[in-house]
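> Input file: start_17.txt. Contents: compact mmCIF, C-alpha atoms and all ligand atoms.
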# COMPACT_ATOMS: atom_id res chain seq x y z
CA MET A 184 1.69 39.93 40.73
CA ASP A 185 -0.65 42.93 40.80
CA TRP A 186 -4.03 42.37 39.23
CA LYS A 187 -4.56 44.26 35.98
CA SER A 188 -8.20 45.25 35.56
CA SER A 189 -7.72 46.88 32.17
CA ALA A 190 -5.49 46.35 29.16
CA GLU A 191 -5.14 47.17 25.47
CA ALA A 192 -5.76 43.49 24.68
CA VAL A 193 -6.64 40.30 26.56
CA ILE A 194 -5.60 36.89 25.26
CA ILE A 195 -7.37 33.84 26.67
CA GLY A 196 -5.01 30.85 26.91
CA ALA A 197 -1.25 30.68 27.49
CA GLY A 198 -0.29 27.83 25.22
CA ILE A 199 2.13 28.43 22.36
CA VAL A 200 -0.53 30.18 20.25
CA GLY A 201 -1.61 32.68 22.94
CA VAL A 202 1.93 33.41 24.07
CA SER A 203 3.36 33.91 20.57
CA THR A 204 0.41 36.15 19.70
CA ALA A 205 1.09 38.24 22.83
CA TYR A 206 4.76 38.55 21.86
CA TYR A 207 4.04 39.70 18.30
CA LEU A 208 1.31 42.11 19.42
CA ALA A 209 3.78 43.70 21.84
CA LYS A 210 6.45 43.75 19.15
CA HIS A 211 4.00 45.59 16.89
CA GLY A 212 3.31 48.22 19.54
CA VAL A 213 0.37 46.79 21.56
CA LYS A 214 2.44 46.35 24.72
CA ASP A 215 -0.27 46.42 27.39
CA VAL A 216 -1.44 42.83 26.79
CA VAL A 217 -2.78 40.51 29.50
CA LEU A 218 -2.68 36.74 29.06
CA VAL A 219 -5.32 34.88 31.09
CA GLU A 220 -4.53 31.22 31.71
CA LYS A 221 -6.72 28.90 33.78
CA GLY A 222 -3.81 26.57 34.60
CA THR A 223 -0.09 27.01 34.14
CA ILE A 224 1.92 27.88 31.01
CA CYS A 225 1.89 24.88 28.63
CA SER A 226 -0.66 22.98 30.73
CA GLY A 227 -2.86 22.46 27.65
CA SER A 228 -1.98 20.71 24.39
CA THR A 229 1.31 22.56 23.97
CA GLY A 230 2.99 20.80 26.91
CA ARG A 231 1.67 17.45 25.67
CA CYS A 232 2.62 17.59 21.99
CA GLY A 233 5.22 15.95 19.77
CA ALA A 234 6.51 19.41 18.76
CA GLY A 235 7.22 18.40 15.18
CA ILE A 236 7.81 21.20 12.66
CA ARG A 237 7.36 20.70 8.93
CA ALA A 238 6.71 22.42 5.64
CA GLN A 239 5.64 19.25 3.78
CA TRP A 240 1.94 19.93 3.36
CA GLY A 241 -0.69 19.19 0.73
CA THR A 242 -2.48 22.57 0.57
CA GLU A 243 -0.98 25.85 -0.58
CA MET A 244 -2.08 27.66 2.59
CA ASN A 245 -0.39 25.13 4.87
CA CYS A 246 2.77 25.12 2.72
CA ARG A 247 2.95 28.91 2.95
CA LEU A 248 2.34 28.87 6.72
CA GLY A 249 4.74 25.94 7.23
CA ILE A 250 7.72 27.44 5.42
CA ALA A 251 7.13 30.89 6.96
CA ALA A 252 7.06 29.26 10.41
CA LEU A 253 10.31 27.42 9.66
CA ASP A 254 11.95 30.71 8.68
CA ILE A 255 10.92 32.09 12.08
CA PHE A 256 11.92 28.97 14.08
CA GLU A 257 15.41 29.04 12.55
CA GLN A 258 16.21 32.47 14.00
CA LEU A 259 14.10 32.28 17.19
CA ASP A 260 17.02 31.58 19.58
CA ASP A 261 18.60 34.87 18.52
CA GLU A 262 15.35 36.83 18.45
CA LEU A 263 14.10 35.66 21.86
CA GLY A 264 17.52 35.36 23.53
CA MET A 265 16.96 31.77 24.69
CA SER A 266 17.37 28.30 23.17
CA ILE A 267 14.16 26.68 21.92
CA GLY A 268 15.84 23.26 21.41
CA LEU A 269 15.43 23.28 17.64
CA ASN A 270 16.60 20.08 15.95
CA GLN A 271 16.47 20.00 12.14
CA GLY A 272 16.89 16.34 11.29
CA GLY A 273 14.22 16.59 8.58
CA TYR A 274 10.85 14.87 8.21
CA LEU A 275 10.85 11.55 6.37
CA LEU A 276 7.34 10.80 5.05
CA VAL A 277 6.56 7.16 4.24
CA ALA A 278 3.83 6.08 1.75
CA TYR A 279 2.37 2.55 1.80
CA THR A 280 0.21 2.54 -1.34
CA ASP A 281 0.71 3.82 -4.88
CA GLU A 282 -2.19 6.19 -4.35
CA GLU A 283 -0.60 7.68 -1.24
CA LYS A 284 2.74 7.98 -3.03
CA GLU A 285 1.02 9.93 -5.81
CA THR A 286 -0.69 12.23 -3.29
CA LEU A 287 2.63 12.91 -1.58
CA ARG A 288 4.35 13.44 -4.95
CA LYS A 289 1.73 16.03 -5.93
CA GLY A 290 2.26 17.66 -2.54
CA MET A 291 6.02 17.71 -3.17
CA LEU A 292 5.51 19.45 -6.53
CA LEU A 293 3.30 22.05 -4.86
CA GLN A 294 5.91 22.50 -2.10
CA ASN A 295 8.72 22.87 -4.66
CA SER A 296 6.71 25.52 -6.53
CA LEU A 297 6.55 27.50 -3.26
CA GLY A 298 10.29 27.24 -2.56
CA ILE A 299 10.19 24.23 -0.22
CA GLN A 300 13.08 21.93 -1.14
CA SER A 301 11.38 18.60 -0.41
CA ARG A 302 12.32 15.62 -2.57
CA GLN A 303 11.36 12.04 -3.32
CA ILE A 304 14.05 9.58 -2.23
CA THR A 305 14.73 5.84 -2.49
CA LEU A 306 14.65 3.25 0.29
CA SER A 307 18.45 3.18 0.40
CA GLU A 308 18.58 6.99 0.70
CA ALA A 309 15.91 6.76 3.42
CA ARG A 310 18.17 4.27 5.23
CA GLU A 311 21.09 6.69 5.06
CA ILE A 312 18.90 9.30 6.76
CA CYS A 313 17.39 6.82 9.21
CA PRO A 314 19.81 3.88 9.71
CA GLY A 315 18.14 0.54 10.38
CA LEU A 316 14.79 1.65 8.91
CA ALA A 317 12.74 -1.44 8.01
CA ALA A 318 10.15 -0.26 5.50
CA GLU A 319 10.38 -2.76 2.64
CA ASP A 320 6.57 -2.68 2.40
CA ALA A 321 6.60 1.08 1.70
CA THR A 322 5.94 2.42 -1.81
CA GLY A 323 7.63 5.80 -1.49
CA PHE A 324 9.67 8.19 0.66
CA PHE A 325 9.71 12.00 0.74
CA PHE A 326 12.15 14.15 2.68
CA HIS A 327 12.61 17.80 3.60
CA ALA A 328 15.87 18.48 5.43
CA ARG A 329 14.81 21.75 7.10
CA ASP A 330 11.89 20.12 8.96
CA GLY A 331 12.41 18.86 12.50
CA HIS A 332 11.23 19.46 16.04
CA ALA A 333 11.79 21.80 18.98
CA ASP A 334 11.14 21.77 22.72
CA PRO A 335 7.57 23.00 23.32
CA PHE A 336 8.28 24.19 26.87
CA LEU A 337 11.48 26.06 25.95
CA THR A 338 9.79 27.65 22.93
CA THR A 339 6.72 28.83 24.85
CA PHE A 340 8.75 30.14 27.80
CA ALA A 341 11.20 31.88 25.43
CA TYR A 342 8.24 33.68 23.82
CA LEU A 343 6.73 34.49 27.23
CA GLU A 344 9.93 35.92 28.71
CA ALA A 345 10.50 38.05 25.60
CA ALA A 346 6.85 39.21 25.71
CA LYS A 347 7.18 40.13 29.39
CA ARG A 348 10.26 42.23 28.61
CA LEU A 349 8.04 44.16 26.15
CA GLY A 350 5.37 44.77 28.80
CA VAL A 351 3.02 41.74 28.54
CA THR A 352 1.47 40.45 31.79
CA CYS A 353 0.38 36.87 32.42
CA HIS A 354 -2.28 35.94 35.01
CA ARG A 355 -1.88 32.21 35.63
CA ASN A 356 -4.47 30.11 37.51
CA THR A 357 -7.11 32.54 36.28
CA THR A 358 -10.15 31.18 34.47
CA CYS A 359 -12.03 33.24 31.92
CA THR A 360 -15.72 32.85 32.79
CA GLY A 361 -17.27 35.34 30.38
CA VAL A 362 -16.61 37.58 27.41
CA THR A 363 -18.20 41.02 27.69
CA VAL A 364 -19.93 42.30 24.56
CA ARG A 365 -21.72 45.63 24.21
CA ASP A 366 -23.20 47.24 21.08
CA GLY A 367 -21.74 44.48 18.90
CA ALA A 368 -18.17 44.99 20.11
CA VAL A 369 -16.07 43.18 22.70
CA ARG A 370 -15.36 45.13 25.89
CA GLY A 371 -13.29 42.72 27.97
CA VAL A 372 -13.54 39.47 29.92
CA GLU A 373 -14.90 38.17 33.20
CA THR A 374 -12.62 35.88 35.21
CA ASP A 375 -12.79 34.05 38.52
CA LYS A 376 -10.40 36.71 39.88
CA GLY A 377 -12.36 39.71 38.56
CA PRO A 378 -13.15 41.52 35.31
CA ILE A 379 -10.59 42.92 32.86
CA SER A 380 -11.76 45.59 30.43
CA ALA A 381 -10.10 45.64 27.01
CA PRO A 382 -11.04 46.81 23.52
CA ILE A 383 -9.50 43.67 21.96
CA VAL A 384 -9.98 40.03 23.09
CA ILE A 385 -8.35 37.02 21.41
CA ASN A 386 -9.56 33.46 21.89
CA CYS A 387 -6.47 31.20 22.06
CA ALA A 388 -8.06 28.61 24.37
CA GLY A 389 -7.14 25.57 22.26
CA ALA A 390 -9.48 22.64 22.85
CA TYR A 391 -11.73 24.93 24.94
CA SER A 392 -12.05 27.58 22.22
CA GLN A 393 -15.63 26.60 21.39
CA ASP A 394 -16.65 27.37 25.01
CA ILE A 395 -14.92 30.75 24.93
CA ALA A 396 -16.55 31.64 21.60
CA ALA A 397 -19.97 30.75 23.02
CA MET A 398 -19.39 33.21 25.89
CA ALA A 399 -19.52 35.98 23.27
CA GLY A 400 -22.45 34.40 21.43
CA VAL A 401 -20.22 33.15 18.61
CA GLU A 402 -20.69 29.61 17.32
CA LEU A 403 -17.46 27.73 16.57
CA PRO A 404 -17.69 24.16 15.26
CA ASN A 405 -14.48 23.07 17.05
CA TRP A 406 -14.24 20.01 19.30
CA ALA A 407 -11.61 18.31 21.48
CA GLU A 408 -10.13 15.00 20.33
CA ARG A 409 -7.89 12.91 22.62
CA HIS A 410 -4.52 11.74 21.26
CA GLU A 411 -2.05 9.49 23.09
CA ILE A 412 1.74 9.69 22.97
CA LEU A 413 4.68 8.05 24.77
CA ILE A 414 8.36 8.53 25.52
CA THR A 415 10.95 5.77 25.94
CA GLU A 416 14.03 5.56 28.09
CA PRO A 417 17.07 7.22 26.43
CA VAL A 418 18.95 5.12 23.85
CA ALA A 419 22.03 5.80 21.73
CA ALA A 420 21.80 8.77 19.41
CA GLY A 421 21.05 8.03 15.76
CA VAL A 422 18.26 5.47 16.20
CA CYS A 423 15.80 7.92 14.62
CA PRO A 424 17.68 11.10 13.62
CA CYS A 425 14.76 12.43 11.54
CA MET A 426 11.05 12.75 12.29
CA LEU A 427 9.58 9.59 10.78
CA MET A 428 5.95 9.96 9.77
CA SER A 429 3.28 8.17 7.78
CA PHE A 430 -0.30 9.30 7.26
CA SER A 431 -1.70 5.91 6.18
CA GLY A 432 0.72 4.10 8.52
CA ASN A 433 -0.62 6.38 11.28
CA TYR A 434 2.58 7.17 13.19
CA TYR A 435 5.14 9.86 13.99
CA ILE A 436 8.42 9.02 15.67
CA GLN A 437 11.32 11.24 16.71
CA GLN A 438 14.38 11.01 18.95
CA ARG A 439 15.01 13.75 21.50
CA PRO A 440 18.54 15.21 21.86
CA HIS A 441 19.10 13.21 25.11
CA GLY A 442 18.18 9.92 23.35
CA SER A 443 14.57 9.22 24.34
CA ILE A 444 12.16 8.38 21.56
CA ILE A 445 8.78 10.15 21.41
CA CYS A 446 6.04 8.62 19.27
CA GLY A 447 2.32 8.79 18.75
CA MET A 448 -0.56 7.80 16.49
CA SER A 449 -4.18 8.81 15.96
CA PRO A 450 -6.61 6.97 18.22
CA ASP A 451 -9.23 4.43 17.14
CA GLY A 452 -12.69 5.95 17.21
CA ARG A 453 -11.28 9.49 17.58
CA PRO A 454 -12.60 10.05 21.15
CA GLU A 455 -14.20 13.46 21.51
CA ASP A 456 -13.62 14.57 25.08
CA HIS A 457 -11.43 16.61 27.41
CA ASP A 458 -10.21 13.51 29.22
CA ASN A 459 -6.43 13.16 29.36
CA GLY A 460 -6.56 9.44 30.15
CA THR A 461 -4.21 6.80 28.73
CA SER A 462 -4.58 3.17 27.68
CA TRP A 463 -2.47 0.00 27.51
CA GLN A 464 -3.94 -0.62 24.05
CA PHE A 465 -2.10 2.44 22.75
CA VAL A 466 1.22 1.29 24.23
CA GLU A 467 0.77 -2.14 22.67
CA LYS A 468 -0.12 -0.81 19.21
CA MET A 469 2.57 1.87 19.23
CA SER A 470 5.23 -0.61 20.40
CA ARG A 471 4.40 -2.95 17.52
CA VAL A 472 4.78 -0.13 14.98
CA LEU A 473 8.06 0.99 16.55
CA ALA A 474 9.58 -2.50 16.71
CA LYS A 475 8.61 -3.28 13.09
CA LEU A 476 9.80 0.01 11.63
CA LEU A 477 12.92 0.50 13.74
CA PRO A 478 14.05 -2.98 14.86
CA ARG A 479 16.84 -1.37 16.89
CA THR A 480 14.16 -0.17 19.32
CA ARG A 481 13.13 -3.73 20.30
CA GLY A 482 13.41 -4.19 24.05
CA ILE A 483 13.44 -0.45 24.83
CA ARG A 484 11.35 0.40 27.89
CA VAL A 485 8.55 2.96 27.86
CA ALA A 486 9.33 5.67 30.40
CA ARG A 487 6.00 7.51 30.37
CA GLN A 488 2.78 7.82 28.42
CA TRP A 489 0.24 10.62 28.38
CA SER A 490 -2.46 12.16 26.22
CA GLY A 491 -3.58 15.60 25.11
CA GLN A 492 -6.24 17.14 22.96
CA TYR A 493 -6.34 18.19 19.34
CA ASP A 494 -8.53 21.28 18.94
CA MET A 495 -10.32 19.99 15.84
CA THR A 496 -12.28 21.78 13.12
CA PRO A 497 -14.33 20.11 10.35
CA ASP A 498 -11.39 20.43 7.90
CA ALA A 499 -8.53 20.10 10.45
CA GLN A 500 -7.43 23.63 9.53
CA PRO A 501 -7.12 26.57 11.91
CA VAL A 502 -9.56 29.39 12.40
CA ILE A 503 -7.82 32.76 12.41
CA GLY A 504 -9.47 36.18 12.31
CA GLU A 505 -12.16 38.48 13.64
CA THR A 506 -15.62 37.21 14.53
CA ASP A 507 -19.07 38.79 14.09
CA VAL A 508 -18.33 40.53 17.40
CA LYS A 509 -16.07 43.50 16.62
CA ASN A 510 -12.50 43.14 17.91
CA PHE A 511 -13.13 39.61 19.23
CA TYR A 512 -10.67 37.34 17.41
CA HIS A 513 -10.06 33.60 17.15
CA SER A 514 -6.73 31.85 16.73
CA THR A 515 -7.82 28.27 17.28
CA GLY A 516 -8.53 24.90 15.69
CA TYR A 517 -4.91 23.89 15.13
CA SER A 518 -5.63 20.16 15.21
CA GLY A 519 -2.25 18.32 15.28
CA HIS A 520 -0.13 21.17 13.93
CA GLY A 521 -0.54 24.17 16.22
CA PHE A 522 2.92 24.04 17.71
CA MET A 523 4.60 24.36 14.34
CA LEU A 524 2.24 27.05 13.02
CA ALA A 525 2.12 29.19 16.18
CA PRO A 526 5.04 31.52 15.35
CA VAL A 527 3.61 32.54 11.99
CA ALA A 528 -0.01 32.50 13.23
CA GLY A 529 0.86 34.87 16.09
CA LYS A 530 2.79 37.13 13.76
CA ILE A 531 0.17 37.47 11.01
CA LEU A 532 -2.71 37.99 13.43
CA ALA A 533 -0.72 40.70 15.25
CA GLN A 534 0.09 42.36 11.91
CA HIS A 535 -3.62 42.32 11.00
CA ILE A 536 -4.81 43.66 14.38
CA THR A 537 -2.28 46.51 14.34
CA GLY A 538 -3.42 47.58 10.88
CA GLY A 539 -0.49 46.23 8.90
CA LYS A 540 -0.49 43.91 5.89
CA PRO A 541 -0.03 40.33 7.12
CA ASP A 542 2.93 38.46 5.58
CA ILE A 543 0.38 35.82 4.52
CA ASP A 544 -3.22 36.58 3.56
CA PHE A 545 -5.22 34.37 5.93
CA THR A 546 -8.77 35.46 5.02
CA MET A 547 -9.58 31.91 3.82
CA LEU A 548 -9.10 30.72 7.44
CA ASP A 549 -12.14 32.75 8.52
CA TYR A 550 -14.52 30.58 10.61
CA ARG A 551 -17.49 31.47 8.40
CA ARG A 552 -16.06 29.10 5.75
CA PHE A 553 -17.75 26.20 7.53
CA ALA A 554 -21.22 27.73 7.16
CA ARG A 555 -20.43 28.32 3.48
CA GLY A 556 -19.27 24.71 3.09
CA GLU A 557 -15.80 25.86 1.96
CA HIS A 558 -13.63 23.28 3.69
CA ILE A 559 -9.86 23.32 3.01
CA MET A 560 -9.18 19.58 3.07
CA GLU A 561 -5.59 18.63 3.94
CA SER A 562 -4.40 15.06 3.35
CA ASN A 563 -1.06 15.32 5.19
CA VAL A 564 -2.32 14.89 8.77
CA VAL A 565 -2.01 12.24 11.49
C1 LIG B 601 -0.38 14.07 21.46
C2 LIG B 601 -0.24 15.35 20.66
C3 LIG B 601 0.80 15.47 19.74
C4 LIG B 601 0.93 16.64 18.99
N1 LIG B 601 2.00 16.77 18.14
C5 LIG B 601 2.18 17.93 17.47
C6 LIG B 601 3.32 18.11 16.63
O1 LIG B 601 4.16 17.22 16.46
N2 LIG B 601 3.46 19.33 16.00
C7 LIG B 601 2.56 20.34 16.15
O2 LIG B 601 2.73 21.38 15.54
N3 LIG B 601 1.47 20.17 16.94
C8 LIG B 601 1.27 19.01 17.59
N4 LIG B 601 0.16 18.85 18.39
C9 LIG B 601 -0.86 19.91 18.41
C10 LIG B 601 -0.41 21.06 19.32
O3 LIG B 601 -0.14 20.56 20.60
C11 LIG B 601 -1.50 22.08 19.40
O4 LIG B 601 -2.03 22.38 18.12
C12 LIG B 601 -0.98 23.38 20.01
O5 LIG B 601 -0.30 23.11 21.21
C13 LIG B 601 -2.12 24.32 20.23
O6 LIG B 601 -1.68 25.39 21.02
P1 LIG B 601 -2.74 26.33 21.72
O7 LIG B 601 -1.97 27.40 22.39
O8 LIG B 601 -3.78 26.68 20.73
O9 LIG B 601 -3.49 25.38 22.76
P2 LIG B 601 -3.11 24.97 24.25
O10 LIG B 601 -1.68 24.67 24.41
O11 LIG B 601 -4.07 23.91 24.63
O12 LIG B 601 -3.39 26.29 25.06
C14 LIG B 601 -4.70 26.74 25.35
C15 LIG B 601 -4.72 27.21 26.78
O13 LIG B 601 -5.98 27.80 27.06
C16 LIG B 601 -6.25 27.57 28.41
N5 LIG B 601 -7.68 27.78 28.66
C17 LIG B 601 -8.71 27.03 28.20
N6 LIG B 601 -9.87 27.52 28.66
C18 LIG B 601 -9.58 28.60 29.42
C19 LIG B 601 -10.34 29.51 30.19
N7 LIG B 601 -11.70 29.43 30.28
N8 LIG B 601 -9.70 30.50 30.86
C20 LIG B 601 -8.34 30.61 30.79
N9 LIG B 601 -7.56 29.76 30.10
C21 LIG B 601 -8.18 28.77 29.42
C22 LIG B 601 -5.80 26.13 28.63
O14 LIG B 601 -5.56 25.86 29.99
C23 LIG B 601 -4.55 26.06 27.77
O15 LIG B 601 -3.36 26.24 28.51
C24 LIG B 601 0.00 17.70 19.15
C25 LIG B 601 -1.03 17.58 20.10
C26 LIG B 601 -1.15 16.42 20.84
C27 LIG B 601 -2.26 16.32 21.85
Can the structure from this file be put into structure tokens for me?

Amino acid sequence: MDWKSSAEAVIIGAGIVGVSTAYYLAKHGVKDVVLVEKGTICSGSTGRCGAGIRAQWGTEMNCRLGIAALDIFEQLDDELGMSIGLNQGGYLLVAYTDEEKETLRKGMLLQNSLGIQSRQITLSEAREICPGLAAEDATGFFFHARDGHADPFLTTFAYLEAAKRLGVTCHRNTTCTGVTVRDGAVRGVETDKGPISAPIVINCAGAYSQDIAAMAGVELPNWAERHEILITEPVAAGVCPCMLMSFSGNYYIQQRPHGSIICGMSPDGRPEDHDNGTSWQFVEKMSRVLAKLLPRTRGIRVARQWSGQYDMTPDAQPVIGETDVKNFYHSTGYSGHGFMLAPVAGKILAQHITGGKPDIDFTMLDYRRFARGEHIMESNVV
């Protein structure tokens, strides 16, 4: 591919967030966009994630983003002309204490007030949704039927191909080494293949976003946190038709369309590093959770385990918007929910950059909130 040394906009990072942002920018008329990716498409967190999609959140902002993203996911096959592997088996949230049940119930009331049809259900209803579920020690169950999961590779490539048809270029294996700033405004980027001048630069570098921000002299309090995940051999369909999740139980479990089960949990000690290593301790702990909760999985073999990074912020909420450097934007800090929020995040940032009114006012996600001590604490996270 010919090298592009200038563009209307440069996006750093070709994970789901960068690629969806490129697509929506092009759709809104900024067609000469260059994506700069140091590895390959999906080589960051996107290709390593559980790809769950849900609207069951505890803060109004996340509920609004979650349901708007679901609306987009549901018509994405048609819009992008390619299947994204969407599976809407619902998310079944499990509470293990009365306090957690109350928190989830309050979240449900908030969700209902915003048009999200989540509901509290009984153990026997939970067993109809997830046959064989062994959760007698649980205190409550909450379900939203439109939640689910999609294929992160198919979704990202569907966005990329559609973006390319609109004129977007992607330079893979190209590392951004600098962000050029002059007179308080961004002017482009430096890469290991050469400079690219552009009046707009967007930082979508995921767990490396803090480094990219620093290149422009902007301080971002993000950090990388390693999370492990595994996939089993395929088993009969219907072992876990929904996404099963508990915040205090610390697990998420889903079954892929071909039968394999994907599951993960937050790590002990929350290791802060860029290492994608794995451990036998995770397999042991995860297997115990799986066998207890879904006894039908006993004896299933683990096919593969891997890890990836959450791009964390102090309140586990994203950072979206312009920085103190004019026309240098962030769309980062998605913690464990960037796959599901990427469609709406890309869309609203593109609407803002092109001078339109974003579908959702995201000013509260400005990174300066941390300096002001205005954290948006969300309880519904693993
Ligand atoms: C184990 C695990 C499970 C998860 N489960 C879910 C889930 O169920 N649902 C959900 O919504 N989210 C989930 N997530 C979170 C989700 O994966 C992320 O929030 C999302 O993928 C973030 O997308 P991104 O595009 O911001 O980052 P990434 O996909 O990491 O993309 C950033 C890209 O920037 C590139 N880059 C970095 N530095 C440079 C540079 N200097 N120059 C050029 N390119 C650069 C990287 O190579 C990378 O490809 C999970 C994450 C993990 C690790």
> Take the point (-1.9, 32.6, 13.1) in the file's coordinates, draw a sphere of radius 10 Å around it, and report as a list in words every protein, DNA or RNA residue with an atom inside or on it, counting all atoms listed in the file.
Val200, Gly201, Ser203, Thr204, Leu248, Ala252, Pro501, Val502, Ile503, Gly504, His513, Ser514, Thr515, Tyr517, Gly521, Leu524, Ala525, Pro526, Val527, Ala528, Gly529, Lys530, Ile531, Leu532, Ala533, Pro541, Ile543, Phe545 and Leu548 of chain A
> Considering all atoms listed in the file, return as number ranges by chain whatever protein or nucleic-acid residues lie within 6 Å of range 325-327 of chain A, sequence-local ones (same chain, fewer than 5 positions apart) excluded.
A: 273-276, 301-304
> I'd like the neighbourhood of Glu285 in chain A as an MDAnalysis selection string, where a residue qualifies if any of its atoms comes within 10 Å (using all atoms listed in the file), though same-chain residues fewer than 5 positions away should be ignored.
chainID A and resid 278 280 290:291 322:323
> So that I can see what lies close to range 488-497 of chain A, please list as a VMD selection string the residues with an atom at most 10 Å from it, counting all atoms listed in the file and leaving out residues fewer than 4 positions away in the same chain.
chain A and resid 226 to 232 388 to 393 403 to 415 445 to 447 454 to 463 465 to 466 501 to 502 515 to 521 550 553 556 558 to 560
> For the atom pair atom N7 of ligand LIG 601 (chain B) and CA of Gly452 in chain A, what is the interatomic distance in Å to one decimal place?
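Between these atoms lies a distance of 26.9 Å.
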> Which of these, A:Arg555, A:Lys221, A:Lys289, A:Arg329, has the shortest distance to ligand LIG 601 (chain B) once you count all atoms listed in the file?
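Checking each of A:Arg555, A:Lys221, A:Lys289, A:Arg329 against ligand LIG 601 (chain B), counting all atoms listed in the file, the winner is A:Lys221.
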> What does the structure give for the distance between atom C6 of ligand LIG 601 (chain B) and CA of Val564 in chain A, in Å to one decimal?
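So the two atoms, atom C6 of ligand LIG 601 (chain B) and CA of Val564 in chain A, lie 10.2 Å apart.
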> Need the axis-aligned box for ligand LIG 601 (chain B) with 6 Å each side, so what are the centre and edges in Å to one decimal, as AutoDock Vina command-line options?

--center_x -3.8 --center_y 22.3 --center_z 23.2 --size_x 27.9 --size_y 28.5 --size_z 27.3
> Could you tell me how far CA of Thr506 in chain A lies from CA of Glu191 in chain A, in Å and to one decimal?
18.1 Å
> As a PDB file with C-alpha atoms, in the frame of the given file, please: the residues near Gly272 in chain A (cut-off 9 Å, all atoms listed in the file, same-chain neighbours under 3 positions excluded).

ATOM      1  CA  ILE A 312      18.900   9.300   6.760  1.00  0.00           C
ATOM      2  CA  HIS A 327      12.610  17.800   3.600  1.00  0.00           C
ATOM      3  CA  ALA A 328      15.870  18.480   5.430  1.00  0.00           C
ATOM      4  CA  ARG A 329      14.810  21.750   7.100  1.00  0.00           C
ATOM      5  CA  ASP A 330      11.890  20.120   8.960  1.00  0.00           C
ATOM      6  CA  GLY A 331      12.410  18.860  12.500  1.00  0.00           C
ATOM      7  CA  HIS A 332      11.230  19.460  16.040  1.00  0.00           C
ATOM      8  CA  PRO A 424      17.680  11.100  13.620  1.00  0.00           C
ATOM      9  CA  CYS A 425      14.760  12.430  11.540  1.00  0.00           C
ATOM     10  CA  MET A 426      11.050  12.750  12.290  1.00  0.00           C
TER      11      MET A 426
END
